[in-house]
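Participant: Just my_file37.tsv, nothing more (TSV, C-alpha atoms and all ligand atoms):
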chain	number	residue	atom	x	y	z
A	1496	MET	CA	54.33	-104.21	48.89
A	1497	ARG	CA	53.54	-101.75	46.14
A	1498	PHE	CA	53.22	-98.00	46.77
A	1499	LEU	CA	51.17	-95.42	44.92
A	1500	HIS	CA	51.35	-91.70	45.80
A	1501	ARG	CA	48.06	-89.82	45.27
A	1502	ASP	CA	48.30	-86.10	46.20
A	1503	SER	CA	48.93	-86.16	49.96
A	1504	GLU	CA	47.84	-89.82	50.30
A	1505	LEU	CA	49.88	-92.97	50.12
A	1506	LEU	CA	48.21	-96.14	48.87
A	1507	VAL	CA	49.91	-99.46	49.62
A	1508	HIS	CA	49.03	-102.95	48.35
A	1509	THR	CA	50.23	-105.43	50.97
A	1510	PRO	CA	50.78	-109.07	49.92
A	1511	SER	CA	50.26	-112.22	51.99
A	1512	LYS	CA	52.60	-115.21	52.44
A	1513	LEU	CA	52.64	-118.97	52.24
A	1514	ASN	CA	55.06	-121.16	54.22
A	1515	LEU	CA	56.40	-123.78	51.79
A	1516	SER	CA	58.32	-125.40	54.64
A	1517	LEU	CA	57.97	-124.89	58.37
A	1518	ASP	CA	60.28	-126.73	60.77
A	1519	VAL	CA	59.71	-126.23	64.49
A	1520	LEU	CA	63.07	-126.91	66.13
A	1521	GLY	CA	62.04	-126.62	69.77
A	1522	ARG	CA	60.67	-124.39	72.51
A	1523	ARG	CA	62.83	-121.48	73.69
A	1524	PRO	CA	63.23	-120.20	77.26
A	1525	ASP	CA	61.11	-117.11	76.34
A	1526	GLY	CA	58.13	-119.37	75.44
A	1527	TYR	CA	58.44	-118.84	71.68
A	1528	HIS	CA	59.52	-121.62	69.33
A	1529	GLU	CA	62.68	-121.76	67.28
A	1530	LEU	CA	61.72	-121.99	63.59
A	1531	GLU	CA	63.22	-122.61	60.20
A	1532	THR	CA	60.77	-121.78	57.42
A	1533	VAL	CA	60.65	-120.73	53.78
A	1534	MET	CA	58.07	-118.05	53.06
A	1535	VAL	CA	56.99	-116.85	49.63
A	1536	SER	CA	55.06	-113.66	49.04
A	1537	VAL	CA	51.77	-114.11	47.14
A	1538	ARG	CA	49.44	-111.63	45.53
A	1539	LEU	CA	46.35	-111.93	47.67
A	1540	CYS	CA	46.61	-108.35	48.91
A	1541	ASP	CA	45.06	-105.93	51.39
A	1542	THR	CA	45.08	-102.22	50.51
A	1543	LEU	CA	46.00	-99.48	52.97
A	1544	ASN	CA	45.44	-95.78	52.39
A	1545	PHE	CA	47.40	-93.35	54.60
A	1546	ARG	CA	46.71	-89.62	54.97
A	1547	LEU	CA	48.33	-87.35	57.55
A	1548	LEU	CA	45.81	-85.21	59.46
A	1549	PRO	CA	46.15	-81.68	60.85
A	1550	ALA	CA	47.29	-81.44	64.48
A	1551	SER	CA	43.80	-80.30	65.59
A	1552	ASP	CA	42.20	-83.70	64.87
A	1553	ALA	CA	41.62	-85.72	68.04
A	1554	ALA	CA	42.84	-89.32	67.67
A	1555	PRO	CA	46.51	-89.84	66.78
A	1556	VAL	CA	45.59	-92.89	64.68
A	1557	ALA	CA	42.11	-93.21	63.12
A	1558	LEU	CA	41.63	-96.63	61.50
A	1559	THR	CA	38.64	-97.60	59.36
A	1560	VAL	CA	38.14	-101.03	57.81
A	1561	HIS	CA	36.35	-102.06	54.64
A	1562	GLU	CA	35.96	-105.83	55.04
A	1563	LEU	CA	36.04	-107.84	51.82
A	1564	ALA	CA	37.03	-111.20	53.37
A	1565	PRO	CA	33.72	-112.81	54.42
A	1566	GLY	CA	33.95	-114.89	57.58
A	1567	ASN	CA	36.64	-112.78	59.25
A	1568	HIS	CA	36.04	-111.89	62.89
A	1569	ALA	CA	35.35	-108.18	63.42
A	1570	ILE	CA	38.71	-106.47	63.09
A	1571	PRO	CA	39.61	-104.41	66.18
A	1572	LEU	CA	40.06	-100.70	65.46
A	1573	GLY	CA	41.92	-99.72	68.64
A	1574	ALA	CA	45.25	-100.59	70.24
A	1575	ASP	CA	44.56	-104.34	69.75
A	1576	ASN	CA	45.08	-103.84	66.04
A	1577	LEU	CA	48.65	-104.40	64.83
A	1578	ILE	CA	48.36	-101.48	62.35
A	1579	VAL	CA	47.44	-99.09	65.18
A	1580	ARG	CA	50.19	-100.55	67.38
A	1581	ALA	CA	52.76	-100.03	64.62
A	1582	ALA	CA	51.71	-96.39	64.13
A	1583	LEU	CA	51.70	-95.67	67.89
A	1584	LEU	CA	55.10	-97.36	68.34
A	1585	LEU	CA	56.55	-95.16	65.58
A	1586	ARG	CA	55.14	-92.01	67.23
A	1587	GLU	CA	56.54	-93.03	70.61
A	1588	ARG	CA	60.04	-94.08	69.46
A	1589	THR	CA	60.56	-91.09	67.15
A	1590	GLN	CA	58.87	-88.68	69.60
A	1591	SER	CA	56.78	-87.52	66.67
A	1592	ASP	CA	53.28	-86.03	66.95
A	1593	PHE	CA	51.92	-86.95	63.51
A	1594	ARG	CA	48.23	-87.80	63.25
A	1595	VAL	CA	47.08	-90.21	60.59
A	1596	ARG	CA	43.92	-91.58	59.04
A	1597	ILE	CA	44.35	-95.16	57.80
A	1598	GLU	CA	41.78	-96.94	55.63
A	1599	LEU	CA	42.21	-100.69	55.39
A	1600	THR	CA	40.55	-102.72	52.64
A	1601	LYS	CA	40.78	-106.29	53.95
A	1602	ARG	CA	40.95	-109.22	51.55
A	1603	ILE	CA	43.50	-111.46	53.30
A	1604	PRO	CA	41.66	-113.83	55.67
A	1605	SER	CA	42.38	-113.59	59.42
A	1606	GLU	CA	43.59	-116.54	61.52
A	1607	ALA	CA	44.69	-118.15	58.28
A	1608	GLY	CA	48.51	-118.35	58.59
A	1609	MET	CA	48.87	-115.96	55.65
A	1610	GLY	CA	50.45	-113.10	57.60
A	1611	GLY	CA	47.81	-110.51	56.66
A	1612	GLY	CA	47.99	-108.55	59.93
A	1613	SER	CA	51.80	-108.65	59.87
A	1614	SER	CA	51.94	-107.46	56.25
A	1615	ASP	CA	49.59	-104.55	57.03
A	1616	ALA	CA	51.65	-103.55	60.08
A	1617	ALA	CA	54.94	-103.78	58.14
A	1618	ALA	CA	53.42	-101.53	55.45
A	1619	THR	CA	52.36	-99.08	58.18
A	1620	LEU	CA	55.98	-98.81	59.41
A	1621	VAL	CA	57.34	-98.20	55.90
A	1622	ALA	CA	54.54	-95.85	54.78
A	1623	LEU	CA	54.56	-93.63	57.87
A	1624	ASN	CA	58.36	-93.50	57.91
A	1625	ALA	CA	58.10	-91.97	54.41
A	1626	LEU	CA	54.93	-89.88	54.80
A	1627	ALA	CA	55.84	-88.32	58.17
A	1628	GLU	CA	59.53	-88.02	57.15
A	1629	LEU	CA	60.74	-89.90	60.23
A	1630	ARG	CA	64.04	-90.95	58.56
A	1631	LEU	CA	64.37	-94.30	60.36
A	1632	SER	CA	66.97	-96.58	58.79
A	1633	SER	CA	66.11	-100.05	57.49
A	1634	ALA	CA	67.78	-101.60	60.58
A	1635	GLU	CA	65.67	-99.41	62.89
A	1636	LEU	CA	62.47	-100.40	61.06
A	1637	HIS	CA	63.45	-104.08	61.33
A	1638	ALA	CA	63.97	-103.72	65.10
A	1639	LEU	CA	60.47	-102.22	65.50
A	1640	ALA	CA	59.00	-104.91	63.23
A	1641	ALA	CA	60.52	-107.70	65.38
A	1642	GLU	CA	59.08	-106.07	68.50
A	1643	LEU	CA	55.58	-106.11	67.01
A	1644	GLY	CA	55.51	-109.76	65.87
A	1645	SER	CA	57.33	-112.69	64.29
A	1646	ASP	CA	56.26	-112.29	60.64
A	1647	LEU	CA	56.58	-108.55	60.01
A	1648	ASN	CA	60.26	-108.63	59.04
A	1649	PHE	CA	59.57	-110.83	56.04
A	1650	PHE	CA	57.23	-108.22	54.52
A	1651	LEU	CA	59.30	-105.12	55.31
A	1652	ASP	CA	61.72	-105.27	52.35
A	1653	SER	CA	59.34	-106.95	49.87
A	1654	TRP	CA	61.50	-109.99	49.22
A	1655	PRO	CA	59.73	-112.51	46.94
A	1656	ALA	CA	60.93	-115.35	49.19
A	1657	ALA	CA	63.15	-115.87	52.24
A	1658	THR	CA	64.34	-118.44	54.73
A	1659	CYS	CA	63.22	-117.15	58.13
A	1660	THR	CA	64.81	-118.40	61.37
A	1661	SER	CA	64.77	-117.71	65.13
A	1662	ARG	CA	61.13	-116.70	65.97
A	1663	GLY	CA	60.73	-116.10	62.23
A	1664	GLU	CA	62.19	-112.59	62.29
A	1665	HIS	CA	65.72	-113.35	60.99
A	1666	LEU	CA	65.74	-113.35	57.20
A	1667	SER	CA	67.90	-114.76	54.48
A	1668	PRO	CA	66.38	-113.65	51.13
A	1669	LEU	CA	65.89	-116.19	48.33
A	1670	GLU	CA	65.49	-115.68	44.59
A	1671	LEU	CA	62.61	-117.35	42.80
A	1672	ASN	CA	63.73	-118.49	39.36
A	1673	ARG	CA	60.12	-118.90	38.17
A	1674	PRO	CA	56.70	-117.76	39.35
A	1675	LEU	CA	54.80	-120.28	41.45
A	1676	HIS	CA	51.04	-120.78	41.25
A	1677	PHE	CA	48.74	-121.97	44.01
A	1678	VAL	CA	45.17	-122.63	44.88
A	1679	ILE	CA	44.34	-121.60	48.46
A	1680	VAL	CA	41.45	-122.91	50.56
A	1681	LYS	CA	40.56	-121.27	53.89
A	1682	PRO	CA	38.01	-123.26	55.95
A	1683	PRO	CA	35.34	-121.16	57.69
A	1684	THR	CA	37.00	-121.68	61.08
A	1685	GLY	CA	40.37	-120.14	61.97
A	1686	LEU	CA	43.18	-121.17	64.32
A	1687	SER	CA	45.07	-119.32	67.07
A	1688	THR	CA	48.85	-119.42	66.48
A	1689	GLY	CA	49.57	-119.67	70.22
A	1690	LYS	CA	47.24	-122.68	70.65
A	1691	VAL	CA	48.74	-124.56	67.69
A	1692	PHE	CA	52.29	-124.12	69.02
A	1693	ALA	CA	51.12	-125.19	72.51
A	1694	ARG	CA	49.56	-128.37	71.06
A	1695	TRP	CA	52.79	-129.10	69.16
A	1696	GLY	CA	54.62	-128.87	72.51
A	1697	GLU	CA	52.21	-131.28	74.25
A	1698	HIS	CA	53.12	-133.97	71.76
A	1699	ASN	CA	56.85	-133.44	72.05
A	1700	GLN	CA	56.92	-134.00	68.31
A	1701	PRO	CA	60.09	-135.20	66.56
A	1702	HIS	CA	61.95	-132.41	64.76
A	1703	SER	CA	61.43	-132.89	61.04
A	1704	ARG	CA	63.68	-130.80	58.77
A	1705	ALA	CA	62.24	-129.83	55.37
A	1706	THR	CA	63.73	-126.38	54.87
A	1707	ALA	CA	67.23	-127.27	53.61
A	1708	SER	CA	65.93	-129.51	50.80
A	1709	LEU	CA	63.21	-126.99	49.98
A	1710	VAL	CA	65.80	-124.21	49.55
A	1711	GLN	CA	67.88	-126.51	47.36
A	1712	SER	CA	64.92	-127.41	45.14
A	1713	LEU	CA	63.89	-123.73	44.88
A	1714	ARG	CA	67.40	-122.95	43.60
A	1715	THR	CA	67.99	-125.82	41.21
A	1716	GLY	CA	65.16	-128.33	41.25
A	1717	SER	CA	62.17	-129.12	39.08
A	1718	LEU	CA	58.64	-128.25	40.16
A	1719	GLN	CA	58.21	-131.94	41.13
A	1720	GLU	CA	61.27	-131.80	43.40
A	1721	LEU	CA	59.98	-128.60	44.98
A	1722	ALA	CA	56.62	-130.31	45.56
A	1723	GLY	CA	58.40	-133.22	47.29
A	1724	SER	CA	60.01	-130.88	49.84
A	1725	ILE	CA	56.86	-129.02	50.93
A	1726	ALA	CA	56.11	-129.79	54.60
A	1727	ASN	CA	54.86	-128.18	57.80
A	1728	SER	CA	55.65	-129.46	61.35
A	1729	LEU	CA	52.49	-127.84	62.74
A	1730	THR	CA	49.94	-129.54	60.47
A	1731	ALA	CA	49.18	-132.56	62.70
A	1732	SER	CA	48.61	-130.34	65.77
A	1733	ALA	CA	46.46	-127.91	63.79
A	1734	CYS	CA	44.32	-130.79	62.42
A	1735	GLU	CA	43.66	-131.98	65.98
A	1736	LEU	CA	42.40	-128.53	66.94
A	1737	ASN	CA	40.36	-127.93	63.80
A	1738	PRO	CA	38.77	-130.93	62.03
A	1739	ASP	CA	37.80	-128.70	59.04
A	1740	LEU	CA	41.48	-128.66	58.19
A	1741	THR	CA	41.70	-132.43	57.75
A	1742	THR	CA	38.74	-132.25	55.34
A	1743	VAL	CA	40.37	-129.45	53.31
A	1744	LEU	CA	43.75	-131.24	53.14
A	1745	ASN	CA	42.09	-134.53	52.13
A	1746	GLN	CA	40.12	-132.84	49.35
A	1747	LEU	CA	43.18	-130.92	48.13
A	1748	SER	CA	45.27	-134.08	47.97
A	1749	ARG	CA	42.54	-135.64	45.80
A	1750	ALA	CA	42.57	-132.63	43.47
A	1751	ASP	CA	45.16	-132.48	40.71
A	1752	VAL	CA	47.87	-130.55	42.64
A	1753	LEU	CA	51.61	-131.30	42.86
A	1754	ALA	CA	51.60	-130.93	46.67
A	1755	SER	CA	49.25	-129.66	49.35
A	1756	GLU	CA	50.00	-128.30	52.81
A	1757	MET	CA	48.83	-125.91	55.51
A	1758	THR	CA	50.46	-122.46	55.67
A	1759	GLY	CA	51.93	-121.18	58.97
A	1760	SER	CA	49.77	-122.29	61.88
A	1761	GLY	CA	46.68	-122.49	59.63
A	1762	SER	CA	43.90	-122.59	58.95
A	1763	ALA	CA	44.45	-121.80	55.24
A	1764	CYS	CA	45.85	-124.62	53.06
A	1765	PHE	CA	47.40	-124.43	49.61
A	1766	GLY	CA	47.95	-126.66	46.61
A	1767	LEU	CA	50.96	-126.15	44.32
A	1768	CYS	CA	49.77	-126.01	40.69
A	1769	ARG	CA	51.57	-126.39	37.34
A	1770	SER	CA	50.41	-123.05	35.91
A	1771	ALA	CA	48.27	-119.99	36.66
A	1772	ARG	CA	45.62	-121.43	34.35
A	1773	GLN	CA	45.51	-124.73	36.21
A	1774	ALA	CA	45.28	-122.87	39.55
A	1775	GLN	CA	42.35	-120.82	38.23
A	1776	ARG	CA	40.57	-123.90	36.83
A	1777	LEU	CA	41.04	-125.79	40.08
A	1778	ALA	CA	39.84	-122.82	42.16
A	1779	ASN	CA	36.63	-122.70	40.09
A	1780	LYS	CA	36.12	-126.43	40.74
A	1781	LEU	CA	36.92	-126.26	44.48
A	1782	ARG	CA	34.46	-123.36	44.95
A	1783	HIS	CA	31.66	-125.88	44.36
A	1784	TRP	CA	32.87	-128.20	47.13
A	1785	ASN	CA	31.81	-125.91	50.03
A	1786	LEU	CA	35.16	-126.16	51.80
A	1787	GLY	CA	35.44	-122.43	52.55
A	1788	GLN	CA	36.94	-119.51	50.69
A	1789	VAL	CA	39.03	-120.31	47.62
A	1790	TRP	CA	41.57	-118.24	45.67
A	1791	ALA	CA	44.00	-118.83	42.81
A	1792	VAL	CA	47.19	-116.84	43.49
A	1793	SER	CA	50.71	-116.47	42.14
A	1794	THR	CA	53.94	-115.40	43.81
A	1795	GLY	CA	54.70	-111.66	43.76
A	1796	VAL	CA	55.22	-108.76	46.15
B	1	LIG	O1	54.74	-113.33	67.13
B	1	LIG	P1	53.29	-113.55	66.98
B	1	LIG	O2	52.48	-112.54	67.70
B	1	LIG	O3	52.88	-113.76	65.57
B	1	LIG	O4	52.99	-114.94	67.71
B	1	LIG	C1	51.74	-115.31	68.24
B	1	LIG	C2	51.92	-116.46	69.23
B	1	LIG	O5	52.41	-117.62	68.55
B	1	LIG	C3	52.96	-116.20	70.30
B	1	LIG	O6	52.38	-115.56	71.41
B	1	LIG	C4	53.45	-117.60	70.64
B	1	LIG	O7	52.55	-118.23	71.52
B	1	LIG	C5	53.36	-118.33	69.32
B	1	LIG	N1	54.64	-118.36	68.59
B	1	LIG	C6	55.64	-119.25	69.02
B	1	LIG	N2	56.83	-119.30	68.34
B	1	LIG	C7	57.03	-118.52	67.25
B	1	LIG	C8	56.03	-117.64	66.79
B	1	LIG	C9	54.84	-117.59	67.49
B	1	LIG	O8	55.46	-119.95	70.00
B	1	LIG	N3	58.18	-118.60	66.60
Can the structure in the file be given as structure tokens, please?
Facilitator:
Amino acid sequence: MRFLHRDSELLVHTPSKLNLSLDVLGRRPDGYHELETVMVSVRLCDTLNFRLLPASDAAPVALTVHELAPGNHAIPLGADNLIVRAALLLRERTQSDFRVRIELTKRIPSEAGMGGGSSDAAATLVALNALAELRLSSAELHALAAELGSDLNFFLDSWPAATCTSRGEHLSPLELNRPLHFVIVKPPTGLSTGKVFARWGEHNQPHSRATASLVQSLRTGSLQELAGSIANSLTASACELNPDLTTVLNQLSRADVLASEMTGSGSACFGLCRSARQAQRLANKLRHWNLGQVWAVSTGV
């Protein structure tokens, strides 16, 4: 995430993520699933604007949303919203009485597997820790992030890439030795993470392992080798729940990409491209195919 101070306001650009590999290793006693996944941060960003309010203002957290991602469901503004939950959790745990106005400009699609809500909530933890001078350590912020969801920890320290294990909240940062370029297609219909994991469980699917070879090819391999390691254990289950996904993946595999896959639990899919120019050209072409929303993006925090 990138921060910009403007008088008493703090502006934050929050990136999204793609899962280049996602191995589901099994169901845990707490109902979650044990994962091994490589996430990369990409520059399809939301923007959050934070301003502390005087104590006399009523609501502790006042969220407004400017929606720029057509097709998103209405974003909740109350305690169902992960941004509001992050701010309220900070107030409670630090026994602080700050009041804050937060303006969200939403570009990252919802129910897409791109971690938009998690990235926004992680930015809220970091921004309010600074703005309200709460002085929480990095370890304390990570503990709150893990409480709020499985993907927040990845965004907290702005790593360009990381292997994430356990529920997804344990991180091992990775270097990217070159920028990566993608075309992303998000079908009009989304997918619920919980339902996709449940469907995976019904099938008792064999445990594929893509992450180790993906990490190796990120470190030393060619773009072709990297492409050969891209895989997601949840894709088959997600396709059963959302037929639009099969169409998008079929069309992407026919386009001139090195590899195509779903990110997270869907429903957005990506194609790995050879260059930013190729990604842009392909995005322009795919926009005419009526598959959903299309972006060309590159890695970056
Ligand atoms: O943690 P998060 O709120 O993103 O997860 C949403 C849902 O996805 C969980 O309630 C759970 O059903 C499922 N999930 C899972 N295993 C994970 C992450 C998420 O089963 N590692």
Participant: Which residues are close to A:Glu1529, i.e. within 10 Å by only C-alpha atoms, leaving aside same-chain residues fewer than 6 positions away? Reply as a ChimeraX atom specification.
Facilitator: /A:1518-1523,1660-1663
Participant: Might you pull out every residue within 7 Å of A:Glu1606, with only C-alpha atoms counted and same-chain residues fewer than 5 positions away left off, and present them as a PyMOL selection string?
Facilitator: chain A and resi 1685-1687+1761-1762
Participant: Output the neighbourhood of ligand LIG 1 (chain B) as a PyMOL selection string, that is, all protein and nucleic acid residues with some atom at most 8 Å from the ligand, counting all atoms listed in the file.
Facilitator: chain A and resi 1522+1526-1530+1613+1643-1646+1661-1663+1687-1693
Participant: Could you turn the residues from that selection into a file that holds C-alpha atoms, as a short mmCIF file (atom, residue, chain, number, x, y, z; two decimals), keeping the file's coordinate frame?
Facilitator:
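Contents of the output file result26.cif:
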data_model
loop_
_atom_site.label_atom_id
_atom_site.label_comp_id
_atom_site.auth_asym_id
_atom_site.auth_seq_id
_atom_site.Cartn_x
_atom_site.Cartn_y
_atom_site.Cartn_z
CA ARG A 1522 60.67 -124.39 72.51
CA GLY A 1526 58.13 -119.37 75.44
CA TYR A 1527 58.44 -118.84 71.68
CA HIS A 1528 59.52 -121.62 69.33
CA GLU A 1529 62.68 -121.76 67.28
CA LEU A 1530 61.72 -121.99 63.59
CA SER A 1613 51.80 -108.65 59.87
CA LEU A 1643 55.58 -106.11 67.01
CA GLY A 1644 55.51 -109.76 65.87
CA SER A 1645 57.33 -112.69 64.29
CA ASP A 1646 56.26 -112.29 60.64
CA SER A 1661 64.77 -117.71 65.13
CA ARG A 1662 61.13 -116.70 65.97
CA GLY A 1663 60.73 -116.10 62.23
CA SER A 1687 45.07 -119.32 67.07
CA THR A 1688 48.85 -119.42 66.48
CA GLY A 1689 49.57 -119.67 70.22
CA LYS A 1690 47.24 -122.68 70.65
CA VAL A 1691 48.74 -124.56 67.69
CA PHE A 1692 52.29 -124.12 69.02
CA ALA A 1693 51.12 -125.19 72.51
#
Participant: Here is a test: counting only C-alpha atoms, which residue of A:Leu1513, A:Met1534, A:Ile1597, A:Ala1607 is nearest to A:Ala1554?
Facilitator: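 That would be A:Ile1597, the residue with the smallest distance to A:Ala1554.
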Participant: For A:Asn1624, which of A:Leu1585, A:Ala1707, A:Ala1638, A:Val1595 is the closest residue, counting only C-alpha atoms?
Facilitator: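 Of A:Leu1585, A:Ala1707, A:Ala1638, A:Val1595, the one nearest A:Asn1624 is A:Leu1585, counting only C-alpha atoms.
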Participant: Give me, as a PyMOL selection string, all polymer residues having an atom no more than 6 Å from stretch 1536-1545 of chain A, counting only C-alpha atoms and skipping those fewer than 3 positions away in the same chain.
Facilitator: chain A and resi 1504-1512+1596-1602+1655+1793-1796
Participant: Which is closer to A:Ala1627 than all the others in A:Ala1656, A:Arg1501, A:Ala1582, A:Asn1779, using only C-alpha atoms?
Facilitator: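 Distance minimum relative to A:Ala1627 lands on A:Ala1582.
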Participant: Could you tell me which of A:Pro1524, A:Pro1555, A:Pro1701, A:Gly1612 comes closest to A:Ser1591 if we count only C-alpha atoms?
Facilitator: A:Pro1555
Participant: Between A:Glu1635, A:Glu1642, A:Asp1592, A:Asp1652, single out the one closest to A:Leu1577, counting all atoms listed in the file.
Facilitator: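 Once distances to A:Leu1577 are computed over all atoms listed in the file, the minimum belongs to A:Glu1642.
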